[in-house]
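The structure appears right after this line, and notes come after that.
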Amino acid sequence: MKNIYMIGVGLIGGSFAIDIKKHNPEVVIYGIDANEAHLNEAKEIGVIDKKATLDDLDNADLVVVSIPVDATVKLLPTILDEISENALVVDAGSTKEAICKVVEHHAKRRNFLACHPIAGTEKSGPTAAISGLYKGKTNIICEVEKTTFKLQEKALQLFTDIGMRIRYMDPVSHDKHIAYVSHLSHISAFMLGKTVINKEKNERDIFDMAGSGFESTVRLAKSSPAMWTPIFKQNKENILETLEEYINNLQHFKELMQQDNFSEIFNEMESTNYIKQILNGIK
């Protein structure tokens, strides 16, 4: 794969570009982005080699789609229309069911591999792209059987080269599970940030009193609303289910506080400490 096109040159696409180039110096990385300023910035700092448009995709060996999931759903059929018969298209969307469904009957469905690399930071834009973002991280691949085998092999080699682990899952299960372990945590961070901002009108007080616990908990509230709103929309039903369970737990905790039942609060927290074993090894 010599000609690689990144559709979206921010944190996710840019970090892919950096690591692909690191392991394959001979490749040419082309950038496509609706934000011309981001495109110019990505070229200036060396994240991409050249700027391109969708009309150039017939030259692509690999296309990496890393744009908001609503834009992916709209654009993916057009991308498949434009590529050659031997090209591979992968996406990096945080939802999978809608993305897989929109191309399920496309003539070049075999050229598409639905992926979700579980990696990222709260930062965005080309300058947020970093080397090693995906090292040791899990890449969820959905409906692998619908991608032609030779393109599967190329993709897996690429992911292995940059240090990713592979997990296979169907799109429905992916969206259900990711609502718990990713989407709910982002909502929690946004709403914690909102609660504190609404209560503490004096921002200096927040800054002076905020410790590392608050900073780490609310970090995800710095994430891009333009990226996360479409995710919440596409995965609405699963997220509503997780929110219902989360709200019930918060309500239960509140009731224990009202009852001065701190021994039960201790037990609740102690049993939840088991999460340390579940998350052991995740960086």
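Going by the structure tokens order, chains are called A, B, ..., each with residues numbered from 1, while ligands are numbered from 1 in the order shown.
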
Tell me which protein, DNA and RNA residues are within 12 Å of stretch 243-254 of chain A, counting only C-alpha atoms, leaving out same-chain ones fewer than 2 positions away, and put them as an mmCIF file with C-alpha atoms, in the first residue's frame.
```
data_model
loop_
_atom_site.group_PDB
_atom_site.id
_atom_site.type_symbol
_atom_site.label_atom_id
_atom_site.label_comp_id
_atom_site.auth_asym_id
_atom_site.auth_seq_id
_atom_site.Cartn_x
_atom_site.Cartn_y
_atom_site.Cartn_z
ATOM 1 C CA ALA A 179 -22.208 2.730 25.376
ATOM 2 C CA TYR A 180 -21.151 1.527 28.833
ATOM 3 C CA VAL A 181 -17.374 1.791 28.649
ATOM 4 C CA HIS A 183 -20.111 6.881 25.757
ATOM 5 C CA LEU A 184 -21.430 6.931 29.337
ATOM 6 C CA SER A 185 -18.074 8.087 30.693
ATOM 7 C CA HIS A 186 -18.045 11.031 28.285
ATOM 8 C CA ILE A 187 -21.582 12.028 29.283
ATOM 9 C CA SER A 188 -20.603 11.778 32.951
ATOM 10 C CA MET A 191 -22.330 16.718 33.101
ATOM 11 C CA PHE A 232 -24.771 10.051 21.068
ATOM 12 C CA LYS A 236 -29.210 6.793 21.385
ATOM 13 C CA GLU A 237 -31.103 3.655 22.466
ATOM 14 C CA ASN A 238 -28.086 1.965 24.050
ATOM 15 C CA ILE A 239 -27.005 5.170 25.773
ATOM 16 C CA LEU A 240 -30.484 5.754 27.205
ATOM 17 C CA GLU A 241 -30.328 2.266 28.711
ATOM 18 C CA LEU A 256 -28.021 6.055 51.428
ATOM 19 C CA MET A 257 -26.602 9.503 52.181
ATOM 20 C CA GLN A 258 -30.022 10.761 53.276
ATOM 21 C CA GLN A 259 -30.361 7.729 55.557
ATOM 22 C CA ASP A 260 -26.886 8.257 57.068
ATOM 23 C CA ASN A 261 -26.174 4.691 56.000
ATOM 24 C CA PHE A 262 -22.450 5.110 55.599
ATOM 25 C CA SER A 263 -21.671 1.493 56.373
ATOM 26 C CA GLU A 264 -23.593 0.536 53.216
ATOM 27 C CA ILE A 265 -21.845 3.323 51.287
ATOM 28 C CA PHE A 266 -18.561 1.763 52.390
ATOM 29 C CA ASN A 267 -19.751 -1.648 51.189
ATOM 30 C CA GLU A 268 -20.864 -0.186 47.845
ATOM 31 C CA MET A 269 -17.464 1.410 47.261
ATOM 32 C CA THR A 272 -16.840 -1.478 43.255
#
```

Nearby residues (only C-alpha atoms) at most 7 Å from A:Leu11, same-chain spacing under 5 positions excluded, as a PyMOL selection string: chain A and resi 124-126+128-129

Output N, CA, C and O atoms of each residue in that selection to a file, as a tab-separated table (two decimals), in the first residue's frame.
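For reference, again38.tsv as written:
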```tsv
chain	number	residue	atom	x	y	z
A	124	SER	N	-8.03	17.67	20.01
A	124	SER	CA	-8.50	17.50	18.64
A	124	SER	C	-7.67	18.36	17.70
A	124	SER	O	-6.91	19.23	18.13
A	125	GLY	N	-7.81	18.08	16.39
A	125	GLY	CA	-7.06	18.83	15.39
A	125	GLY	C	-5.73	18.17	15.05
A	125	GLY	O	-5.26	17.29	15.76
A	126	PRO	N	-5.09	18.61	13.97
A	126	PRO	CA	-3.83	18.00	13.52
A	126	PRO	C	-2.72	18.06	14.56
A	126	PRO	O	-1.92	17.12	14.67
A	128	ALA	N	-2.94	17.67	17.60
A	128	ALA	CA	-3.17	16.68	18.66
A	128	ALA	C	-2.62	15.30	18.27
A	128	ALA	O	-2.46	14.43	19.13
A	129	ALA	N	-2.33	15.10	16.98
A	129	ALA	CA	-1.83	13.81	16.50
A	129	ALA	C	-0.48	13.50	17.11
A	129	ALA	O	0.40	14.36	17.17
```

Secondary structure check, helix (DSSP H, G or I) residues of stretch 85-251 of chain A, as a VMD selection string: chain A and resid 97 to 102 109 to 111 126 to 128 144 to 146 149 to 161 171 to 199 203 to 209 212 to 222 225 to 234 236 to 251

Expected answer as a list in words: strand (DSSP E or B) residues in stretch 53-220 of chain A: Leu62, Val63, Val64, Val65, Leu88, Val89, Val90, Asp91, Phe112, Leu113, Ala114, Cys115, His116, Pro117, Thr138, Asn139, Ile140, Ile141, Cys142, Arg165, Ile166, Arg167, Tyr168 and Met169 of chain A

Near-A:Ala37 list (12 Å; only C-alpha atoms; drop same-chain fewer than 4 positions) as an MDAnalysis selection string: chainID A and resid 9:10 31:33 41:44 51 125:127
